[in-house]
Amino acid sequence: MNDFNTLIKTFSQMKLSPHSKKNLIKNVFLIFVFQSLILTLPAQQALHTADLNSREPSWQAVIGGVAVSPCIETSYGVALLSDGRLLSACTGSGTVIWQRSIKGRPSPYISSFGDFLYVVTDGTKLNLVNPSGKTIWTANTQFQITASPVVALDGRVFVQGKNKIACYGLDGKRKWQKSTAELGTFSISLLNDGTFLAFLKAPKSNQTVASRYSPFGQWLEDITFSGIVSSAESCEKGVLVSLKNGSTGLVCSDGSANAASKWVNGSGNTNGAFKICYSRTSGNTAFFFQNGSRTEAVIVRTDSGEILNRFQVGSIASSDFRLARATPSGYFISGTYSACEFSEDGTIFYAASLPPAAKWNSIFYTDKNYIILAMKDWSMKGFLMKQTTENSARKISSPKKISYVEARAYDSTAMELGIRPLTNQKMAEISQAFEAGDYGQQEQEYLELLKTEAGNFLASYATVSNFSDSSENFFSENAVYTQNLLYLMSKTGTREFSTLYSRLLSSQIERGQLLSIISYAGDMGYDEDGQTLEAIENLVVNVIKPTETTTLKSICDATYKICLFMGRPALNRRGKNILTHLFYPQYDKNVRDYARVTLERMMDLEKK
């Protein structure tokens, strides 16, 4: 207040009109009031405190080395990579599910896709690890990867280097690679329409620039922000950003050619947020600022940018920051020495003092309220911070949209004339491109055509034929064409075509085509919700005759391939049920023997 009085005295001595002096003094007063409100935000008192230096952990587990990567959340708990080239997975209550060795030098770059893990090794190699810890494939990008992989809606994954971006499919095939201007330290950020931002290192006129690309590698535009970006975070509504001048905003796509700012707000801070956390539970966002020696949380309505609340939550500096994440009850934030969880109304559930930084190097907080510390003595320690209530379970809905392309409009007249969306020549082109990789922007056309014809295939069996003669079916009369279509569907490297296979297997498909559908569904391997295996089980129990030896053997192969790729215990159980059903005496001995050998291979998948 002394500074304010000094300024008032100075203004009184200035040669200004009485009206000007009055307005100037009023404006300065408002500025001082606003700043004092920020600097005197209530320092919330925690409902309880805990000293993890002296407190015994709720559980301990051995991870076989010092953690190199952060802990990654999975449906079963967490996974992390240690310097002993050991990938460990354990539940949130400390039970080690599996430990698997990883080939190559481990790095801190790791991401999850459901319960699959993308792990970077040797600086340049991208590995897909399934939920049982088996490495499905390894791709050498030929450049140093500088950030954790970013997984898109349809399963494709983006990796970035100093001046390169590459995209890989679920099958490990590279879809495209782009050279860029030197990239900054921010990871690729996905927008709500599937396009993404790559933040450039060099600012332009003291303003951050981000290049926007399509999922198929097409450069769309350069976006220049109004200042230097201090942090960025993807969410289902777009990309949340904070600038070093304290402003916050949301960049999104509304379907037009260019992305735009949905809203931009001042935060009242003179520095940018050092971390942004979006909560799927509430739909709101927490921006974390360093306010003097204190940490300030600003809660914002993500849709509109409206500031809902602001309060202090501890003394974590940006240089001290270790982890922040949304929780079912609010948000968790940790520095090197302390951590806390708080709600959006400012209630701090607890404040915890952490062990000395020399004793640990990775921290995580689970939805079941455990702080997990990866210690340097090769152990993980879990500390239960509060009892879980039924209402605290996080309600996360998986994204409804899993595709970046739509099927083309159905042209019944062209169909009647025998003109198909896919020609034999175009099929050969697509096949060659999928085999070679690096097909880039052409992929959009390829996926549109395949999705269109796959939809026609389904419609031809799901309803009365839409073709010229209701007794005719193009797909049944053109077996080679249909087989080529099914083959190409298995080579897209995207998860959406797995649902098409399961729908085909659940339709009244002719026996001559059923064998191909089963075989190529197995070749794809990906079966996210187990729908393909469910459809196969129904075929075995209710449709396929015991005398159809070739089809039954194909079912054995497809079942094994899907279980191998997916690595999920629930799917393994279903797979074993399918195979053991074929042990019944009504089946030919060749089928029973084939099923028994396949089951033995299945059992090997579950060995630790």
# chains A, B, ... in the order shown; residues from 1 in each chain; ligands from 1

$ residues_around --residues "Ile536 in chain A" --least-positions-apart "4" --cutoff "8 Å" --atoms "only C-alpha atoms" --output "list in words"
Leu505, Ile518, Thr532, Val540 and Ile555 of chain A

$ write_last_selection --atoms "N, CA and C atoms" --output "compact mmCIF listing (two decimals), in the first residue's frame"
# COMPACT_ATOMS: atom_id res chain seq x y z
N LEU A 505 -18.33 -61.22 -39.90
CA LEU A 505 -18.41 -62.56 -39.32
C LEU A 505 -19.75 -62.81 -38.63
N ILE A 518 -12.26 -64.96 -42.06
CA ILE A 518 -11.61 -65.47 -40.84
C ILE A 518 -10.10 -65.33 -40.94
N THR A 532 -14.39 -59.70 -32.57
CA THR A 532 -14.06 -60.68 -33.61
C THR A 532 -14.00 -62.08 -33.02
N VAL A 540 -18.25 -71.23 -34.42
CA VAL A 540 -17.83 -72.58 -34.05
C VAL A 540 -18.98 -73.33 -33.37
N ILE A 555 -9.84 -71.18 -38.31
CA ILE A 555 -10.29 -70.57 -37.05
C ILE A 555 -9.22 -70.73 -35.97

$ residues_around --residues "range 175-186 of chain A" --least-positions-apart "4" --cutoff "10 Å" --atoms "only C-alpha atoms" --output "ChimeraX atom specification"
/A:141,146-148,156-169,197-203,208-211,215-219,229-233,433-434,436-443,492-493

$ residues_around --residues "range 595-600 of chain A" --least-positions-apart "2" --cutoff "12 Å" --atoms "only C-alpha atoms" --output "MDAnalysis selection string"
chainID A and resid 549 552:561 563:564 572:584 587:593 602:607

$ residues_around --residues "Leu170 in chain A" --least-positions-apart "2" --cutoff "12 Å" --atoms "only C-alpha atoms" --output "PyMOL selection string"
chain A and resi 113+116-118+126-130+136-139+151-158+167-168+172-175+490-498+524-528+565-566

$ residues_around --residues "Asn245 in chain A" --least-positions-apart "6" --cutoff "9 Å" --atoms "only C-alpha atoms" --output "ChimeraX atom specification"
/A:227-230,266,269-272

$ residues_around --residues "Gly382 in chain A" --least-positions-apart "6" --cutoff "12 Å" --atoms "only C-alpha atoms" --output "PDB file with all heavy atoms, in the first residue's frame"
ATOM      1  N   LEU A  52       6.021 -38.817   3.949  1.00  0.00           N
ATOM      2  CA  LEU A  52       6.372 -40.112   3.382  1.00  0.00           C
ATOM      3  C   LEU A  52       7.813 -40.505   3.679  1.00  0.00           C
ATOM      4  O   LEU A  52       8.225 -41.611   3.331  1.00  0.00           O
ATOM      5  CB  LEU A  52       6.124 -40.115   1.871  1.00  0.00           C
ATOM      6  CG  LEU A  52       4.702 -39.755   1.429  1.00  0.00           C
ATOM      7  CD1 LEU A  52       4.511 -40.057  -0.058  1.00  0.00           C
ATOM      8  CD2 LEU A  52       3.652 -40.488   2.255  1.00  0.00           C
ATOM      9  N   ARG A  55       6.840 -42.505   6.918  1.00  0.00           N
ATOM     10  CA  ARG A  55       5.678 -43.383   6.820  1.00  0.00           C
ATOM     11  C   ARG A  55       6.030 -44.665   6.078  1.00  0.00           C
ATOM     12  O   ARG A  55       6.714 -44.655   5.056  1.00  0.00           O
ATOM     13  CB  ARG A  55       4.553 -42.648   6.087  1.00  0.00           C
ATOM     14  CG  ARG A  55       3.281 -43.434   5.921  1.00  0.00           C
ATOM     15  CD  ARG A  55       2.204 -42.505   5.372  1.00  0.00           C
ATOM     16  NE  ARG A  55       1.025 -43.220   4.931  1.00  0.00           N
ATOM     17  CZ  ARG A  55      -0.070 -42.633   4.467  1.00  0.00           C
ATOM     18  NH1 ARG A  55      -0.112 -41.308   4.394  1.00  0.00           N
ATOM     19  NH2 ARG A  55      -1.096 -43.348   4.088  1.00  0.00           N
ATOM     20  N   GLU A  56       5.526 -45.785   6.578  1.00  0.00           N
ATOM     21  CA  GLU A  56       5.742 -47.062   5.920  1.00  0.00           C
ATOM     22  C   GLU A  56       4.844 -47.154   4.685  1.00  0.00           C
ATOM     23  O   GLU A  56       3.680 -46.766   4.732  1.00  0.00           O
ATOM     24  CB  GLU A  56       5.413 -48.228   6.863  1.00  0.00           C
ATOM     25  CG  GLU A  56       6.424 -48.440   7.961  1.00  0.00           C
ATOM     26  CD  GLU A  56       7.780 -48.862   7.395  1.00  0.00           C
ATOM     27  OE1 GLU A  56       7.811 -49.702   6.468  1.00  0.00           O
ATOM     28  OE2 GLU A  56       8.799 -48.342   7.878  1.00  0.00           O
ATOM     29  N   PRO A  57       5.391 -47.652   3.572  1.00  0.00           N
ATOM     30  CA  PRO A  57       4.553 -47.773   2.368  1.00  0.00           C
ATOM     31  C   PRO A  57       3.462 -48.807   2.556  1.00  0.00           C
ATOM     32  O   PRO A  57       3.603 -49.750   3.337  1.00  0.00           O
ATOM     33  CB  PRO A  57       5.543 -48.190   1.290  1.00  0.00           C
ATOM     34  CG  PRO A  57       6.671 -48.845   2.019  1.00  0.00           C
ATOM     35  CD  PRO A  57       6.775 -48.124   3.337  1.00  0.00           C
ATOM     36  N   SER A  58       2.380 -48.627   1.819  1.00  0.00           N
ATOM     37  CA  SER A  58       1.278 -49.595   1.850  1.00  0.00           C
ATOM     38  C   SER A  58       1.673 -50.877   1.139  1.00  0.00           C
ATOM     39  O   SER A  58       1.159 -51.952   1.452  1.00  0.00           O
ATOM     40  CB  SER A  58       0.039 -48.998   1.187  1.00  0.00           C
ATOM     41  OG  SER A  58      -0.311 -47.769   1.781  1.00  0.00           O
ATOM     42  N   TRP A  59       2.572 -50.787   0.162  1.00  0.00           N
ATOM     43  CA  TRP A  59       3.090 -51.944  -0.543  1.00  0.00           C
ATOM     44  C   TRP A  59       4.425 -51.604  -1.200  1.00  0.00           C
ATOM     45  O   TRP A  59       4.756 -50.434  -1.388  1.00  0.00           O
ATOM     46  CB  TRP A  59       2.106 -52.473  -1.584  1.00  0.00           C
ATOM     47  CG  TRP A  59       1.663 -51.474  -2.636  1.00  0.00           C
ATOM     48  CD1 TRP A  59       0.512 -50.764  -2.646  1.00  0.00           C
ATOM     49  CD2 TRP A  59       2.375 -51.099  -3.820  1.00  0.00           C
ATOM     50  NE1 TRP A  59       0.444 -49.965  -3.758  1.00  0.00           N
ATOM     51  CE2 TRP A  59       1.576 -50.148  -4.497  1.00  0.00           C
ATOM     52  CE3 TRP A  59       3.596 -51.456  -4.383  1.00  0.00           C
ATOM     53  CZ2 TRP A  59       1.966 -49.554  -5.699  1.00  0.00           C
ATOM     54  CZ3 TRP A  59       3.984 -50.870  -5.579  1.00  0.00           C
ATOM     55  CH2 TRP A  59       3.182 -49.926  -6.225  1.00  0.00           C
ATOM     56  N   GLN A  60       5.184 -52.651  -1.523  1.00  0.00           N
ATOM     57  CA  GLN A  60       6.455 -52.495  -2.232  1.00  0.00           C
ATOM     58  C   GLN A  60       6.547 -53.564  -3.318  1.00  0.00           C
ATOM     59  O   GLN A  60       6.001 -54.649  -3.175  1.00  0.00           O
ATOM     60  CB  GLN A  60       7.644 -52.632  -1.276  1.00  0.00           C
ATOM     61  CG  GLN A  60       7.736 -51.548  -0.230  1.00  0.00           C
ATOM     62  CD  GLN A  60       9.034 -51.628   0.558  1.00  0.00           C
ATOM     63  OE1 GLN A  60      10.125 -51.403   0.020  1.00  0.00           O
ATOM     64  NE2 GLN A  60       8.929 -51.942   1.838  1.00  0.00           N
ATOM     65  N   ALA A  61       7.241 -53.232  -4.390  1.00  0.00           N
ATOM     66  CA  ALA A  61       7.478 -54.185  -5.474  1.00  0.00           C
ATOM     67  C   ALA A  61       8.861 -53.926  -6.043  1.00  0.00           C
ATOM     68  O   ALA A  61       9.366 -52.803  -6.003  1.00  0.00           O
ATOM     69  CB  ALA A  61       6.424 -54.037  -6.566  1.00  0.00           C
ATOM     70  N   VAL A  62       9.486 -54.973  -6.563  1.00  0.00           N
ATOM     71  CA  VAL A  62      10.826 -54.866  -7.139  1.00  0.00           C
ATOM     72  C   VAL A  62      10.689 -54.715  -8.648  1.00  0.00           C
ATOM     73  O   VAL A  62       9.970 -55.476  -9.298  1.00  0.00           O
ATOM     74  CB  VAL A  62      11.676 -56.113  -6.802  1.00  0.00           C
ATOM     75  CG1 VAL A  62      13.043 -56.017  -7.469  1.00  0.00           C
ATOM     76  CG2 VAL A  62      11.818 -56.249  -5.295  1.00  0.00           C
ATOM     77  N   GLY A  77      -3.194 -50.803 -13.857  1.00  0.00           N
ATOM     78  CA  GLY A  77      -2.334 -50.103 -12.912  1.00  0.00           C
ATOM     79  C   GLY A  77      -1.345 -49.211 -13.625  1.00  0.00           C
ATOM     80  O   GLY A  77      -1.713 -48.241 -14.281  1.00  0.00           O
ATOM     81  N   VAL A  78      -0.053 -49.570 -13.539  1.00  0.00           N
ATOM     82  CA  VAL A  78       0.998 -48.760 -14.151  1.00  0.00           C
ATOM     83  C   VAL A  78       2.055 -49.660 -14.787  1.00  0.00           C
ATOM     84  O   VAL A  78       2.169 -50.850 -14.470  1.00  0.00           O
ATOM     85  CB  VAL A  78       1.687 -47.837 -13.119  1.00  0.00           C
ATOM     86  CG1 VAL A  78       0.727 -46.810 -12.575  1.00  0.00           C
ATOM     87  CG2 VAL A  78       2.313 -48.647 -11.985  1.00  0.00           C
ATOM     88  N   CYS A  90       2.514 -53.441 -13.054  1.00  0.00           N
ATOM     89  CA  CYS A  90       1.950 -53.862 -11.777  1.00  0.00           C
ATOM     90  C   CYS A  90       0.623 -53.164 -11.541  1.00  0.00           C
ATOM     91  O   CYS A  90       0.320 -52.133 -12.162  1.00  0.00           O
ATOM     92  CB  CYS A  90       2.915 -53.607 -10.626  1.00  0.00           C
ATOM     93  SG  CYS A  90       3.063 -51.909 -10.114  1.00  0.00           S
ATOM     94  N   THR A  91      -0.176 -53.740 -10.672  1.00  0.00           N
ATOM     95  CA  THR A  91      -1.462 -53.155 -10.330  1.00  0.00           C
ATOM     96  C   THR A  91      -1.240 -51.927  -9.453  1.00  0.00           C
ATOM     97  O   THR A  91      -0.145 -51.715  -8.917  1.00  0.00           O
ATOM     98  CB  THR A  91      -2.345 -54.157  -9.583  1.00  0.00           C
ATOM     99  OG1 THR A  91      -1.735 -54.444  -8.311  1.00  0.00           O
ATOM    100  CG2 THR A  91      -2.493 -55.443 -10.368  1.00  0.00           C
ATOM    101  N   GLY A  92      -2.298 -51.137  -9.289  1.00  0.00           N
ATOM    102  CA  GLY A  92      -2.192 -49.969  -8.424  1.00  0.00           C
ATOM    103  C   GLY A  92      -2.026 -50.322  -6.965  1.00  0.00           C
ATOM    104  O   GLY A  92      -1.706 -49.457  -6.148  1.00  0.00           O
ATOM    105  N   SER A  93      -2.214 -51.593  -6.618  1.00  0.00           N
ATOM    106  CA  SER A  93      -2.016 -52.033  -5.234  1.00  0.00           C
ATOM    107  C   SER A  93      -0.733 -52.840  -5.064  1.00  0.00           C
ATOM    108  O   SER A  93      -0.543 -53.501  -4.054  1.00  0.00           O
ATOM    109  CB  SER A  93      -3.215 -52.862  -4.770  1.00  0.00           C
ATOM    110  OG  SER A  93      -3.434 -53.956  -5.640  1.00  0.00           O
ATOM    111  N   GLY A  94       0.143 -52.807  -6.080  1.00  0.00           N
ATOM    112  CA  GLY A  94       1.490 -53.342  -5.897  1.00  0.00           C
ATOM    113  C   GLY A  94       1.767 -54.736  -6.387  1.00  0.00           C
ATOM    114  O   GLY A  94       2.890 -55.219  -6.240  1.00  0.00           O
ATOM    115  N   THR A  95       0.795 -55.413  -6.973  1.00  0.00           N
ATOM    116  CA  THR A  95       1.042 -56.753  -7.484  1.00  0.00           C
ATOM    117  C   THR A  95       1.725 -56.668  -8.840  1.00  0.00           C
ATOM    118  O   THR A  95       1.196 -56.051  -9.775  1.00  0.00           O
ATOM    119  CB  THR A  95      -0.274 -57.538  -7.631  1.00  0.00           C
ATOM    120  OG1 THR A  95      -0.908 -57.628  -6.349  1.00  0.00           O
ATOM    121  CG2 THR A  95      -0.016 -58.937  -8.158  1.00  0.00           C
ATOM    122  N   ILE A 363       7.490 -40.535 -10.194  1.00  0.00           N
ATOM    123  CA  ILE A 363       6.332 -40.518  -9.305  1.00  0.00           C
ATOM    124  C   ILE A 363       5.065 -40.646 -10.133  1.00  0.00           C
ATOM    125  O   ILE A 363       5.002 -40.198 -11.278  1.00  0.00           O
ATOM    126  CB  ILE A 363       6.298 -39.217  -8.465  1.00  0.00           C
ATOM    127  CG1 ILE A 363       5.176 -39.276  -7.413  1.00  0.00           C
ATOM    128  CG2 ILE A 363       6.150 -37.985  -9.359  1.00  0.00           C
ATOM    129  CD1 ILE A 363       5.228 -38.145  -6.400  1.00  0.00           C
ATOM    130  N   PHE A 364       4.067 -41.279  -9.542  1.00  0.00           N
ATOM    131  CA  PHE A 364       2.766 -41.385 -10.198  1.00  0.00           C
ATOM    132  C   PHE A 364       1.692 -41.398  -9.124  1.00  0.00           C
ATOM    133  O   PHE A 364       1.946 -41.748  -7.969  1.00  0.00           O
ATOM    134  CB  PHE A 364       2.666 -42.655 -11.046  1.00  0.00           C
ATOM    135  CG  PHE A 364       1.470 -42.685 -11.952  1.00  0.00           C
ATOM    136  CD1 PHE A 364       1.428 -41.873 -13.070  1.00  0.00           C
ATOM    137  CD2 PHE A 364       0.382 -43.496 -11.668  1.00  0.00           C
ATOM    138  CE1 PHE A 364       0.320 -41.878 -13.901  1.00  0.00           C
ATOM    139  CE2 PHE A 364      -0.735 -43.504 -12.495  1.00  0.00           C
ATOM    140  CZ  PHE A 364      -0.759 -42.692 -13.616  1.00  0.00           C
ATOM    141  N   TYR A 365       0.477 -40.998  -9.528  1.00  0.00           N
ATOM    142  CA  TYR A 365      -0.666 -41.046  -8.622  1.00  0.00           C
ATOM    143  C   TYR A 365      -1.792 -41.785  -9.313  1.00  0.00           C
ATOM    144  O   TYR A 365      -2.173 -41.444 -10.437  1.00  0.00           O
ATOM    145  CB  TYR A 365      -1.109 -39.635  -8.237  1.00  0.00           C
ATOM    146  CG  TYR A 365      -2.144 -39.615  -7.129  1.00  0.00           C
ATOM    147  CD1 TYR A 365      -1.835 -40.110  -5.866  1.00  0.00           C
ATOM    148  CD2 TYR A 365      -3.424 -39.115  -7.344  1.00  0.00           C
ATOM    149  CE1 TYR A 365      -2.768 -40.101  -4.847  1.00  0.00           C
ATOM    150  CE2 TYR A 365      -4.367 -39.096  -6.327  1.00  0.00           C
ATOM    151  CZ  TYR A 365      -4.035 -39.597  -5.077  1.00  0.00           C
ATOM    152  OH  TYR A 365      -4.956 -39.601  -4.057  1.00  0.00           O
ATOM    153  N   THR A 366      -2.318 -42.817  -8.663  1.00  0.00           N
ATOM    154  CA  THR A 366      -3.324 -43.669  -9.296  1.00  0.00           C
ATOM    155  C   THR A 366      -4.734 -43.197  -8.970  1.00  0.00           C
ATOM    156  O   THR A 366      -4.958 -42.421  -8.034  1.00  0.00           O
ATOM    157  CB  THR A 366      -3.184 -45.131  -8.824  1.00  0.00           C
ATOM    158  OG1 THR A 366      -3.667 -45.238  -7.470  1.00  0.00           O
ATOM    159  CG2 THR A 366      -1.734 -45.594  -8.889  1.00  0.00           C
ATOM    160  N   LYS A 368      -6.834 -44.908  -7.636  1.00  0.00           N
ATOM    161  CA  LYS A 368      -7.219 -45.502  -6.352  1.00  0.00           C
ATOM    162  C   LYS A 368      -6.474 -44.849  -5.196  1.00  0.00           C
ATOM    163  O   LYS A 368      -6.368 -45.408  -4.107  1.00  0.00           O
ATOM    164  CB  LYS A 368      -6.977 -47.012  -6.370  1.00  0.00           C
ATOM    165  CG  LYS A 368      -7.887 -47.737  -7.357  1.00  0.00           C
ATOM    166  CD  LYS A 368      -7.737 -49.237  -7.271  1.00  0.00           C
ATOM    167  CE  LYS A 368      -8.716 -49.924  -8.223  1.00  0.00           C
ATOM    168  NZ  LYS A 368      -8.594 -51.396  -8.166  1.00  0.00           N
ATOM    169  N   ASN A 369      -5.916 -43.654  -5.473  1.00  0.00           N
ATOM    170  CA  ASN A 369      -5.363 -42.771  -4.429  1.00  0.00           C
ATOM    171  C   ASN A 369      -4.035 -43.250  -3.838  1.00  0.00           C
ATOM    172  O   ASN A 369      -3.742 -42.984  -2.671  1.00  0.00           O
ATOM    173  CB  ASN A 369      -6.387 -42.566  -3.306  1.00  0.00           C
ATOM    174  CG  ASN A 369      -7.729 -42.114  -3.827  1.00  0.00           C
ATOM    175  OD1 ASN A 369      -7.807 -41.277  -4.721  1.00  0.00           O
ATOM    176  ND2 ASN A 369      -8.793 -42.690  -3.294  1.00  0.00           N
ATOM    177  N   TYR A 370      -3.230 -43.925  -4.644  1.00  0.00           N
ATOM    178  CA  TYR A 370      -1.882 -44.288  -4.221  1.00  0.00           C
ATOM    179  C   TYR A 370      -0.867 -43.361  -4.873  1.00  0.00           C
ATOM    180  O   TYR A 370      -0.900 -43.146  -6.096  1.00  0.00           O
ATOM    181  CB  TYR A 370      -1.538 -45.720  -4.640  1.00  0.00           C
ATOM    182  CG  TYR A 370      -2.179 -46.801  -3.812  1.00  0.00           C
ATOM    183  CD1 TYR A 370      -3.407 -47.347  -4.165  1.00  0.00           C
ATOM    184  CD2 TYR A 370      -1.534 -47.301  -2.681  1.00  0.00           C
ATOM    185  CE1 TYR A 370      -3.989 -48.359  -3.422  1.00  0.00           C
ATOM    186  CE2 TYR A 370      -2.112 -48.313  -1.921  1.00  0.00           C
ATOM    187  CZ  TYR A 370      -3.336 -48.833  -2.296  1.00  0.00           C
ATOM    188  OH  TYR A 370      -3.903 -49.838  -1.541  1.00  0.00           O
ATOM    189  N   ILE A 371       0.036 -42.819  -4.056  1.00  0.00           N
ATOM    190  CA  ILE A 371       1.246 -42.207  -4.603  1.00  0.00           C
ATOM    191  C   ILE A 371       2.252 -43.334  -4.800  1.00  0.00           C
ATOM    192  O   ILE A 371       2.552 -44.083  -3.867  1.00  0.00           O
ATOM    193  CB  ILE A 371       1.836 -41.151  -3.655  1.00  0.00           C
ATOM    194  CG1 ILE A 371       0.975 -39.888  -3.646  1.00  0.00           C
ATOM    195  CG2 ILE A 371       3.264 -40.781  -4.087  1.00  0.00           C
ATOM    196  CD1 ILE A 371       1.504 -38.785  -2.738  1.00  0.00           C
ATOM    197  N   ILE A 372       2.754 -43.472  -6.026  1.00  0.00           N
ATOM    198  CA  ILE A 372       3.744 -44.503  -6.336  1.00  0.00           C
ATOM    199  C   ILE A 372       5.073 -43.825  -6.616  1.00  0.00           C
ATOM    200  O   ILE A 372       5.155 -42.937  -7.472  1.00  0.00           O
ATOM    201  CB  ILE A 372       3.313 -45.349  -7.545  1.00  0.00           C
ATOM    202  CG1 ILE A 372       2.021 -46.102  -7.231  1.00  0.00           C
ATOM    203  CG2 ILE A 372       4.406 -46.332  -7.926  1.00  0.00           C
ATOM    204  CD1 ILE A 372       1.503 -46.937  -8.388  1.00  0.00           C
ATOM    205  N   LEU A 373       6.092 -44.241  -5.906  1.00  0.00           N
ATOM    206  CA  LEU A 373       7.443 -43.734  -6.108  1.00  0.00           C
ATOM    207  C   LEU A 373       8.336 -44.852  -6.624  1.00  0.00           C
ATOM    208  O   LEU A 373       8.379 -45.935  -6.041  1.00  0.00           O
ATOM    209  CB  LEU A 373       8.017 -43.189  -4.798  1.00  0.00           C
ATOM    210  CG  LEU A 373       7.378 -41.909  -4.242  1.00  0.00           C
ATOM    211  CD1 LEU A 373       7.903 -41.619  -2.850  1.00  0.00           C
ATOM    212  CD2 LEU A 373       7.634 -40.731  -5.168  1.00  0.00           C
ATOM    213  N   ALA A 374       9.013 -44.598  -7.742  1.00  0.00           N
ATOM    214  CA  ALA A 374      10.008 -45.540  -8.249  1.00  0.00           C
ATOM    215  C   ALA A 374      11.338 -45.157  -7.614  1.00  0.00           C
ATOM    216  O   ALA A 374      11.925 -44.120  -7.949  1.00  0.00           O
ATOM    217  CB  ALA A 374      10.077 -45.469  -9.770  1.00  0.00           C
ATOM    218  N   MET A 375      11.803 -45.994  -6.713  1.00  0.00           N
ATOM    219  CA  MET A 375      12.996 -45.682  -5.922  1.00  0.00           C
ATOM    220  C   MET A 375      14.265 -46.103  -6.661  1.00  0.00           C
ATOM    221  O   MET A 375      14.236 -46.959  -7.554  1.00  0.00           O
ATOM    222  CB  MET A 375      12.925 -46.388  -4.567  1.00  0.00           C
ATOM    223  CG  MET A 375      11.602 -46.206  -3.830  1.00  0.00           C
ATOM    224  SD  MET A 375      11.185 -44.485  -3.459  1.00  0.00           S
ATOM    225  CE  MET A 375      12.429 -44.088  -2.221  1.00  0.00           C
TER     226      MET A 375
END

$ closest_residue --among "A:Gly346, A:Gly114, A:Gly123, A:Gly255" --to "Ala286 in chain A" --atoms "only C-alpha atoms"
A:Gly346

$ residues_around --residues "Pro355 in chain A" --least-positions-apart "5" --cutoff "8 Å" --atoms "only C-alpha atoms" --output "number ranges by chain"
A: 52-53, 337, 360

$ write_last_selection --atoms "N, CA, C and O atoms" --output "mmCIF file, in the first residue's frame"
data_model
loop_
_atom_site.group_PDB
_atom_site.id
_atom_site.type_symbol
_atom_site.label_atom_id
_atom_site.label_comp_id
_atom_site.auth_asym_id
_atom_site.auth_seq_id
_atom_site.Cartn_x
_atom_site.Cartn_y
_atom_site.Cartn_z
ATOM 1 N N LEU A 52 6.021 -38.817 3.949
ATOM 2 C CA LEU A 52 6.372 -40.112 3.382
ATOM 3 C C LEU A 52 7.813 -40.505 3.679
ATOM 4 O O LEU A 52 8.225 -41.611 3.331
ATOM 5 N N ASN A 53 8.582 -39.595 4.298
ATOM 6 C CA ASN A 53 9.934 -39.956 4.737
ATOM 7 C C ASN A 53 9.882 -40.960 5.879
ATOM 8 O O ASN A 53 10.713 -41.871 5.962
ATOM 9 N N TYR A 337 9.791 -32.204 -3.688
ATOM 10 C CA TYR A 337 9.775 -32.338 -2.244
ATOM 11 C C TYR A 337 8.371 -32.502 -1.662
ATOM 12 O O TYR A 337 8.223 -32.923 -0.520
ATOM 13 N N TRP A 360 14.676 -41.256 -5.227
ATOM 14 C CA TRP A 360 13.686 -41.701 -6.204
ATOM 15 C C TRP A 360 13.791 -40.851 -7.468
ATOM 16 O O TRP A 360 14.362 -39.776 -7.456
#

$ select_by_dssp --residues "range 297-484 of chain A" --states "helix (DSSP H, G or I)" --output "ChimeraX atom specification"
/A:357-359,390-392,412-416,424-436,442-462,474-477,479-484

$ decode --residues "range 425-433 of chain A" --atoms "N, CA and C atoms" --output "short mmCIF file (atom, residue, chain, number, x, y, z; two decimals), in the first residue's frame"
data_model
loop_
_atom_site.label_atom_id
_atom_site.label_comp_id
_atom_site.auth_asym_id
_atom_site.auth_seq_id
_atom_site.Cartn_x
_atom_site.Cartn_y
_atom_site.Cartn_z
N GLN A 425 -7.33 -52.24 -61.01
CA GLN A 425 -6.10 -51.46 -61.11
C GLN A 425 -5.86 -50.68 -59.83
N LYS A 426 -6.91 -50.08 -59.27
CA LYS A 426 -6.76 -49.32 -58.02
C LYS A 426 -6.42 -50.26 -56.87
N MET A 427 -6.99 -51.44 -56.86
CA MET A 427 -6.65 -52.41 -55.82
C MET A 427 -5.17 -52.78 -55.88
N ALA A 428 -4.66 -52.98 -57.08
CA ALA A 428 -3.24 -53.31 -57.23
C ALA A 428 -2.37 -52.15 -56.75
N GLU A 429 -2.80 -50.93 -57.04
CA GLU A 429 -2.06 -49.75 -56.60
C GLU A 429 -2.03 -49.67 -55.07
N ILE A 430 -3.19 -49.89 -54.45
CA ILE A 430 -3.27 -49.83 -52.99
C ILE A 430 -2.42 -50.93 -52.36
N SER A 431 -2.50 -52.13 -52.92
CA SER A 431 -1.73 -53.25 -52.39
C SER A 431 -0.24 -52.96 -52.43
N GLN A 432 0.23 -52.43 -53.54
CA GLN A 432 1.64 -52.09 -53.68
C GLN A 432 2.04 -51.00 -52.70
N ALA A 433 1.17 -50.00 -52.51
CA ALA A 433 1.47 -48.91 -51.58
C ALA A 433 1.52 -49.42 -50.14
#
